[in-house]
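Trainee: Next comes run_39.cif, mmCIF, C-alpha atoms:
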```cif
data_input
loop_
_atom_site.label_atom_id
_atom_site.label_comp_id
_atom_site.auth_asym_id
_atom_site.auth_seq_id
_atom_site.Cartn_x
_atom_site.Cartn_y
_atom_site.Cartn_z
CA THR A 1 -0.97 20.47 -21.54
CA ALA A 2 -3.79 18.33 -22.92
CA MET A 3 -1.35 16.06 -24.74
CA ASN A 4 0.78 15.66 -21.60
CA LEU A 5 -2.34 14.56 -19.71
CA TYR A 6 -3.25 12.15 -22.49
CA TYR A 7 0.16 10.48 -22.66
CA SER A 8 0.43 10.25 -18.86
CA ASN A 9 -2.98 8.60 -18.46
CA PRO A 10 -5.00 7.92 -21.64
CA ARG A 11 -8.06 6.41 -19.93
CA GLY A 12 -8.15 9.11 -17.30
CA PHE A 13 -7.87 11.78 -20.00
CA TRP A 14 -10.93 10.51 -21.84
CA ALA A 15 -12.95 9.95 -18.66
CA GLU A 16 -12.03 13.05 -16.66
CA TYR A 17 -11.21 15.71 -19.24
CA GLN A 18 -13.36 14.72 -22.24
CA ASN A 19 -16.27 13.16 -20.32
CA GLU A 20 -16.09 10.20 -22.71
CA PRO A 21 -14.93 7.20 -20.64
CA LYS A 22 -13.71 4.31 -22.73
CA GLY A 23 -14.86 0.74 -22.28
CA ALA A 24 -13.40 -1.64 -19.71
CA GLU A 25 -11.85 -4.01 -22.26
CA LEU A 26 -8.13 -4.55 -21.81
CA SER A 27 -5.76 -4.49 -24.74
CA GLY A 28 -2.32 -3.37 -25.78
CA GLY A 29 -0.59 -4.36 -22.53
CA ALA A 30 -3.20 -2.96 -20.14
CA LYS A 31 -3.56 -4.72 -16.78
CA ARG A 32 -6.40 -5.11 -14.29
CA LEU A 33 -7.00 -7.63 -11.53
CA LEU A 34 -10.19 -9.70 -11.34
CA PRO A 35 -11.85 -9.73 -7.88
CA ASP A 36 -12.76 -13.43 -7.90
CA ALA A 37 -9.26 -14.45 -8.93
CA VAL A 38 -7.70 -12.30 -6.20
CA ALA A 39 -10.00 -13.63 -3.48
CA SER A 40 -9.26 -17.23 -4.42
CA ARG A 41 -5.54 -16.92 -3.62
CA LEU A 42 -5.62 -18.65 -0.22
CA SER A 43 -2.87 -19.88 2.08
CA ASN A 44 -5.17 -22.10 4.20
CA LEU A 45 -3.46 -20.66 7.26
CA GLN A 46 -5.32 -19.03 10.11
CA ARG A 47 -5.37 -15.26 10.43
CA PHE A 48 -2.13 -14.01 12.06
CA ALA A 49 -0.38 -17.39 11.49
CA VAL A 50 3.04 -17.03 9.81
CA HIS A 51 4.10 -19.48 7.10
CA ARG A 52 7.11 -21.58 8.08
CA ASP A 53 9.15 -20.19 5.15
CA ALA A 54 8.57 -16.53 6.08
CA THR A 55 11.57 -14.62 7.40
CA ARG A 56 10.17 -11.13 7.98
CA ILE A 57 6.91 -9.26 8.45
CA THR A 58 6.09 -5.79 7.16
CA ALA A 59 3.01 -3.58 7.22
CA PHE A 60 1.52 -0.43 5.74
CA ILE A 61 -1.09 2.08 6.94
CA ASP A 62 -3.07 4.30 4.59
CA VAL A 63 -4.33 7.38 6.44
CA GLY A 64 -7.71 9.02 5.88
CA GLN A 65 -9.90 11.47 7.77
CA HIS A 66 -12.57 8.93 8.71
CA LEU A 67 -10.69 5.60 8.63
CA LEU A 68 -7.21 4.16 8.63
CA TRP A 69 -6.54 1.20 6.35
CA PHE A 70 -3.79 -1.35 6.95
CA ALA A 71 -2.25 -4.62 5.77
CA VAL A 72 0.30 -6.92 7.43
CA VAL A 73 2.26 -9.36 5.25
CA ALA A 74 4.85 -12.06 6.00
CA TRP A 75 7.52 -12.53 3.32
CA THR A 76 9.82 -15.35 2.27
CA GLU A 77 13.36 -14.82 1.02
CA ARG A 78 12.12 -15.26 -2.56
CA PHE A 79 9.66 -12.36 -2.06
CA GLY A 80 6.63 -14.58 -1.71
CA GLY A 81 3.98 -13.02 0.53
CA TYR A 82 1.36 -14.28 2.99
CA VAL A 83 -1.19 -11.69 4.13
CA LEU A 84 -1.62 -12.07 7.90
CA ASP A 85 -4.14 -9.32 8.55
CA TYR A 86 -5.80 -6.35 6.90
CA GLY A 87 -8.74 -4.05 7.38
CA ALA A 88 -9.80 -0.65 8.62
CA TRP A 89 -9.19 1.16 11.90
CA PRO A 90 -11.35 1.50 13.92
CA ARG A 91 -12.22 -2.14 13.27
CA GLN A 92 -15.53 -2.53 11.45
CA SER A 93 -18.32 -4.96 12.30
CA ARG A 94 -19.11 -5.55 8.60
CA SER A 95 -16.97 -7.56 6.22
CA VAL A 96 -17.88 -5.37 3.23
CA PHE A 97 -18.31 -1.59 3.45
CA VAL A 98 -17.26 1.62 1.72
CA ALA A 99 -14.82 4.24 2.97
CA ASN A 100 -17.37 7.04 3.19
CA ASP A 101 -19.73 4.99 5.39
CA PRO A 102 -17.66 3.79 8.36
CA ARG A 103 -19.42 2.26 11.38
CA PRO A 104 -17.72 3.47 13.45
CA GLY A 105 -15.44 6.12 11.99
CA ILE A 106 -12.61 7.88 13.76
CA GLY A 107 -14.97 10.70 14.73
CA ASP A 108 -17.42 8.26 16.36
CA ILE A 109 -15.04 7.06 19.07
CA GLU A 110 -16.32 8.49 22.36
CA GLN A 111 -12.97 9.49 23.88
CA TRP A 112 -11.98 11.38 20.71
CA ARG A 113 -15.16 13.33 20.05
CA ASN A 114 -13.92 16.53 21.69
CA LEU A 115 -10.73 16.51 19.64
CA GLY A 116 -10.11 18.27 16.32
CA ASP A 117 -9.76 16.30 13.09
CA LYS A 118 -5.96 16.16 13.22
CA GLU A 119 -5.92 15.19 16.90
CA ARG A 120 -8.38 12.37 16.18
CA VAL A 121 -6.24 11.04 13.36
CA PHE A 122 -3.17 11.27 15.62
CA ALA A 123 -4.94 9.26 18.34
CA ALA A 124 -6.25 6.64 15.92
CA LEU A 125 -2.90 6.28 14.18
CA THR A 126 -1.15 5.86 17.52
CA GLU A 127 -3.46 3.01 18.50
CA CYS A 128 -3.22 1.36 15.09
CA ILE A 129 0.60 1.47 15.13
CA ASN A 130 0.68 0.12 18.68
CA GLU A 131 -1.53 -2.84 17.80
CA ILE A 132 0.30 -3.77 14.59
CA CYS A 133 3.81 -3.38 15.99
CA GLY A 134 3.00 -4.70 19.44
CA ARG A 135 1.47 -7.97 18.29
CA LEU A 136 3.38 -11.25 18.39
CA TYR A 137 2.77 -13.38 15.30
CA ARG A 138 3.26 -17.12 15.75
CA ARG A 139 5.20 -18.98 13.13
CA ILE A 140 4.11 -22.42 11.93
CA GLY A 141 6.60 -24.91 13.34
CA GLY A 142 7.49 -22.75 16.32
CA GLY A 143 8.73 -19.30 17.20
CA GLU A 144 7.29 -15.82 17.31
CA MET A 145 7.83 -12.84 15.04
CA ARG A 146 7.03 -9.14 15.08
CA VAL A 147 6.62 -6.54 12.35
CA GLU A 148 10.08 -5.54 11.19
CA ARG A 149 9.12 -2.43 9.22
CA LEU A 150 5.92 -0.37 9.03
CA LEU A 151 5.34 2.40 6.49
CA VAL A 152 2.65 5.05 7.02
CA ASP A 153 1.31 7.01 4.07
CA SER A 154 1.87 10.72 4.68
CA GLY A 155 0.11 12.07 1.60
CA TRP A 156 -3.20 13.02 3.24
CA ASP A 157 -1.95 14.72 6.45
CA THR A 158 1.83 14.92 6.32
CA GLN A 159 2.42 16.89 9.51
CA THR A 160 0.21 14.67 11.68
CA VAL A 161 1.82 11.49 10.35
CA TYR A 162 5.36 12.77 10.93
CA GLN A 163 4.54 13.89 14.46
CA CYS A 164 2.90 10.58 15.30
CA VAL A 165 5.84 8.57 13.98
CA GLN A 166 8.34 10.71 15.89
CA ARG A 167 6.49 10.19 19.18
CA SER A 168 5.67 6.53 18.71
CA PRO A 169 7.33 3.97 21.03
CA PHE A 170 7.93 2.03 17.79
CA SER A 171 9.58 4.93 15.96
CA SER A 172 12.68 2.83 15.27
CA ILE A 173 10.74 0.58 12.88
CA VAL A 174 8.17 3.03 11.47
CA TYR A 175 8.77 5.38 8.55
CA PRO A 176 6.45 7.94 6.95
CA SER A 177 6.12 7.25 3.24
CA LYS A 178 4.84 8.80 0.05
CA GLY A 179 4.28 7.49 -3.44
CA ILE A 180 5.66 9.80 -6.15
CA GLY A 181 4.78 8.79 -9.70
CA ARG A 182 6.59 9.36 -12.95
CA SER A 183 5.14 11.76 -15.52
CA SER A 184 6.14 13.81 -18.53
CA THR A 185 7.42 16.51 -16.16
CA ALA A 186 8.71 14.41 -13.24
CA ARG A 187 11.41 11.74 -13.25
CA GLY A 188 10.89 8.48 -11.42
CA VAL A 189 12.44 7.78 -8.04
CA SER A 190 14.94 5.40 -9.63
CA GLU A 191 16.30 8.29 -11.73
CA TRP A 192 16.82 10.74 -8.86
CA LYS A 193 20.38 11.69 -8.09
CA PRO A 194 21.61 10.20 -4.80
CA ARG A 195 22.13 12.50 -1.84
CA PRO A 196 24.52 12.00 1.10
CA GLY A 197 23.05 9.77 3.80
CA GLU A 198 20.27 8.36 1.65
CA ARG A 199 19.67 4.70 0.85
CA LYS A 200 18.16 3.50 -2.41
CA GLY A 201 16.50 0.29 -3.58
CA TYR A 202 14.13 -0.93 -6.28
CA HIS A 203 12.19 2.25 -7.17
CA TRP A 204 12.44 3.69 -3.64
CA ARG A 205 14.73 5.81 -1.54
CA LEU A 206 15.06 6.34 2.19
CA THR A 207 15.76 10.00 2.93
CA SER A 208 18.68 10.98 5.14
CA GLY A 209 16.68 12.67 7.88
CA GLU A 210 18.77 15.82 7.57
CA TYR A 211 18.08 18.90 9.66
CA GLY A 212 16.45 16.78 12.37
CA ARG A 213 13.66 15.53 10.11
CA THR A 214 12.25 12.03 10.38
CA ARG A 215 13.64 9.67 7.75
CA ALA A 216 10.99 8.81 5.19
CA VAL A 217 10.50 6.41 2.28
CA GLN A 218 9.61 7.78 -1.15
CA TYR A 219 8.70 5.26 -3.82
CA ASP A 220 7.34 4.90 -7.34
CA PRO A 221 3.77 3.57 -6.91
CA ASP A 222 3.44 2.50 -10.55
CA ALA A 223 6.49 0.22 -10.42
CA TRP A 224 5.36 -1.38 -7.19
CA LYS A 225 1.75 -1.79 -8.30
CA THR A 226 3.03 -3.71 -11.30
CA PHE A 227 5.03 -5.89 -8.91
CA ALA A 228 1.92 -6.49 -6.76
CA TYR A 229 -0.12 -7.27 -9.88
CA GLY A 230 2.42 -9.92 -10.81
CA ALA A 231 2.35 -11.38 -7.30
CA LEU A 232 -1.45 -11.63 -7.41
CA THR A 233 -1.54 -13.23 -10.87
CA SER A 234 1.34 -15.70 -10.50
CA PRO A 235 0.49 -19.38 -11.04
CA ALA A 236 -1.07 -21.26 -8.12
CA GLY A 237 1.59 -22.42 -5.71
CA SER A 238 4.19 -20.01 -7.07
CA ALA A 239 6.92 -19.19 -4.57
CA VAL A 240 6.78 -15.50 -5.50
CA GLY A 241 3.00 -15.16 -5.29
CA LEU A 242 0.87 -13.33 -2.75
CA TYR A 243 -1.73 -15.27 -0.74
CA PHE A 244 -4.46 -14.45 1.80
CA PHE A 245 -5.15 -16.16 5.10
CA GLY A 246 -7.96 -18.68 5.53
CA ALA A 247 -9.65 -21.19 3.27
CA ALA A 248 -12.74 -19.25 2.11
CA SER A 249 -12.52 -16.82 -0.79
CA SER A 250 -15.79 -15.19 0.32
CA ALA A 251 -13.96 -13.75 3.33
CA HIS A 252 -11.81 -11.57 1.06
CA GLU A 253 -14.49 -9.85 -1.02
CA LEU A 254 -13.54 -6.39 0.27
CA ILE A 255 -9.80 -6.49 -0.38
CA ALA A 256 -10.36 -8.20 -3.74
CA ALA A 257 -12.61 -5.31 -4.80
CA HIS A 258 -9.97 -2.78 -3.68
CA CYS A 259 -7.31 -4.62 -5.70
CA ALA A 260 -9.51 -4.46 -8.80
CA ALA A 261 -10.17 -0.74 -8.39
CA GLU A 262 -7.26 0.29 -10.60
CA ARG A 263 -5.96 -0.61 -14.02
CA SER A 264 -2.80 0.21 -15.89
CA ASP A 265 -2.01 1.35 -19.39
CA PRO A 266 1.49 1.31 -20.89
CA VAL A 267 2.91 4.79 -21.37
CA THR A 268 6.25 5.96 -22.70
CA VAL A 269 8.03 8.89 -21.09
CA ARG A 270 11.51 10.02 -22.21
CA GLY A 271 12.05 6.73 -24.00
CA ALA A 272 11.01 4.49 -21.10
CA THR A 273 7.79 2.46 -21.24
CA PHE A 274 6.07 1.50 -17.98
CA ASP A 275 2.64 0.73 -16.54
CA LYS A 276 0.72 3.82 -15.43
CA TRP A 277 -1.86 2.80 -12.82
CA THR A 278 -5.05 4.82 -12.33
CA ILE A 279 -8.30 4.30 -10.47
CA THR A 280 -11.19 3.34 -12.74
CA PRO A 281 -13.70 6.03 -13.81
CA ASP A 282 -16.36 4.89 -11.33
CA ARG A 283 -13.82 5.63 -8.55
CA PRO A 284 -14.22 2.66 -6.20
CA ASP A 285 -12.22 2.35 -2.97
CA ASN A 286 -8.61 1.25 -3.51
CA HIS A 287 -7.10 1.70 -0.03
CA LEU A 288 -6.32 -1.95 0.74
CA TRP A 289 -4.65 -2.30 -2.66
CA ASP A 290 -2.39 0.60 -1.69
CA CYS A 291 -1.66 -1.14 1.61
CA LEU A 292 -0.54 -4.38 -0.06
CA VAL A 293 1.68 -2.39 -2.40
CA GLY A 294 3.13 -0.41 0.50
CA ALA A 295 3.85 -3.56 2.50
CA ALA A 296 5.86 -4.87 -0.46
CA VAL A 297 7.85 -1.63 -0.56
CA ALA A 298 8.50 -2.00 3.18
CA ALA A 299 9.85 -5.51 2.58
CA SER A 300 12.28 -4.16 0.01
CA VAL A 301 13.36 -1.45 2.46
CA THR A 302 14.25 -4.18 4.98
CA GLY A 303 16.69 -5.58 2.42
CA LEU A 304 14.57 -8.26 0.74
CA GLU A 305 15.51 -8.66 -2.92
CA PHE A 306 14.16 -10.57 -5.88
CA THR A 307 15.90 -11.78 -9.04
CA ALA A 308 14.73 -10.95 -12.53
CA SER A 309 13.91 -14.60 -13.20
CA GLU A 310 11.63 -14.77 -10.16
CA THR A 311 9.97 -11.37 -10.44
CA PRO A 312 6.19 -11.85 -10.76
#
```
Could you rewrite the structure in this file as structure tokens?
Mentor:
Amino acid sequence: TAMNLYYSNPRGFWAEYQNEPKGAELSGGAKRLLPDAVASRLSNLQRFAVHRDATRITAFIDVGQHLLWFAVVAWTERFGGYVLDYGAWPRQSRSVFVANDPRPGIGDIEQWRNLGDKERVFAALTECINEICGRLYRRIGGGEMRVERLLVDSGWDTQTVYQCVQRSPFSSIVYPSKGIGRSSTARGVSEWKPRPGERKGYHWRLTSGEYGRTRAVQYDPDAWKTFAYGALTSPAGSAVGLYFFGAASSAHELIAAHCAAERSDPVTVRGATFDKWTITPDRPDNHLWDCLVGAAVAASVTGLEFTASETP
């Protein structure tokens, strides 16, 4: 068991199971984003403004007990991304904050105070979905666009998320989702045998919705985090890069810190080598990083593809 843990996540093994965290230096194919470099990737477009080359918009919501986290991204046909909006719900008055100190949190909203925890999350998620999917985003050069696909993480409170999606007026474009990683005992999503009625793409599958269940997206978070890493480290001006709204890198301190909260180490499982992403030993917030990754998965679910030569 110890060796399985070590090979699945070497840094996590030393930090969590041996109480001997290793240094932060990167070597041997390890990857980690630098906050300043992430924050400097700017589109010089206003918040909510859609780049003229974008053809679709996707979004992702990460669900927690005290806050919801979200990101909205416009994509080009070459899988280049322009972040239109991101943040926490309820909206916060501070530009930099931590997840365990929301002001306000879901439980602080007056009309929800008499509700239970699950009912509060349901109410907050409903409002967040309505705002993201109900907004019209104006495209540079003319025209308006809406979110084409929204994924909602169902890992924290699966039942509440599924119920909210089913009852949403935007249920036709919203899917529950869950990241399922590869390990020494679990095969990756791309290796799963296809089932009738399912649809598969790059390290994801859309379930069939059998027995009256809501269709849901299951994806390999490690594969898609490596994709997002490439998009955030591509050369300046790259058509397949990922860029943030505005012209001031200081405005993106929070999301840059979330993106730098994880690092990867190459691991080999059943003959296949891939990046295994884990949160760093000091356990900073990583929710907005997850949202960017999820928005990229949502774009792939809409049918957006990338070629090997253009993959970040």
Trainee: Could you expand the PyMOL selection byres ((chain A and resi 50-61) around 7) into the explicit residues it covers here, written as a VMD selection string?
Mentor: chain A and resid 48 to 49 62 to 63 68 to 77 137 to 141 146 to 153 291 294 to 295 298 to 299
Trainee: Evaluate the PyMOL selection byres ((chain A and resi 195-200) around 10) against this structure - the residues, as a count of residues only, please.
Mentor: 22
Trainee: Figure out the distance between atom CA of Ile106 of chain A and atom CA of Asp285 of chain A, please, to one decimal in Å.
Mentor: 17.6 Å
Trainee: Please indicate the distance in Å from atom CA of Pro35 of chain A to atom CA of Glu131 of chain A, rounded to one decimal place.
Mentor: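 Atom CA of Pro35 of chain A sits 28.5 Å away from atom CA of Glu131 of chain A.
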Trainee: Quick one: of A:Arg94, A:Gln65, A:Thr1, A:Lys276, who's nearest to Thr185 of chain A, counting all atoms listed in the file?
Mentor: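 Ranked by minimum distance to Thr185 of chain A, first place goes to A:Thr1.
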Trainee: Quick one: residues within 12 Å of Arg283 of chain A, only C-alpha atoms, excluding same-chain residues fewer than 2 positions away - as a list of chain:residue names?
Mentor: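 Near neighbours after the sequence-gap exclusion: A:Gly12, A:Ala15, A:Glu16, A:Val98, A:Ala99, A:Ala257, A:His258, A:Ala260, A:Ala261, A:Glu262, A:Arg263, A:Thr278, A:Ile279, A:Thr280, A:Pro281, A:Asp285, A:Asn286, A:His287.
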Trainee: I need the output of the PyMOL selection byres ((chain A and resi 36) around 8) for this file as a VMD selection string; which residues are they?
Mentor: chain A and resid 34 to 35 37 to 40 249 253 256
Trainee: Given the choices A:Asp282, A:Glu110, A:Asp101, A:Asp222, which gets closest to Ile180 of chain A if the distance is worked out from all atoms listed in the file?
Mentor: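 Of A:Asp282, A:Glu110, A:Asp101, A:Asp222, the one nearest Ile180 of chain A, counting all atoms listed in the file, is A:Asp222.
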Trainee: Please determine, counting all atoms listed in the file, which residue among A:Leu45, A:Met3, A:Leu84, A:Ala248 has the shortest atom-to-atom distance to Arg135 of chain A.
Mentor: A:Leu84
Trainee: Between atom CA of Gly241 of chain A and atom CA of Val96 of chain A, what is the distance in Å, rounded to a tenth?
Mentor: 24.6 Å
Trainee: With all atoms listed in the file as the atoms that count, which of A:Asn130, A:Trp156, A:Gln166, A:Gln92 lies nearest to Lys178 of chain A?
Mentor: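 Selected residue with least distance to Lys178 of chain A: A:Trp156.
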Trainee: Between A:Asn44, A:Thr158, A:Ser172, A:Ser238, single out the one closest to Cys133 of chain A, counting all atoms listed in the file.
Mentor: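 Nearest to Cys133 of chain A: A:Ser172.
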Trainee: Rank nothing, just name the residue among A:Leu304, A:Ala2, A:Ala88, A:Ala123 nearest to Ile109 of chain A, using all atoms listed in the file.
Mentor: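 Using all atoms listed in the file, Ile109 of chain A sits closest to A:Ala123.
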Trainee: Skip Phe244 of chain A itself and residues of its chain fewer than 2 positions away, then list as a ChimeraX atom specification all residues within 6 Å of it, counting all atoms listed in the file.
Mentor: /A:42-43,82-83
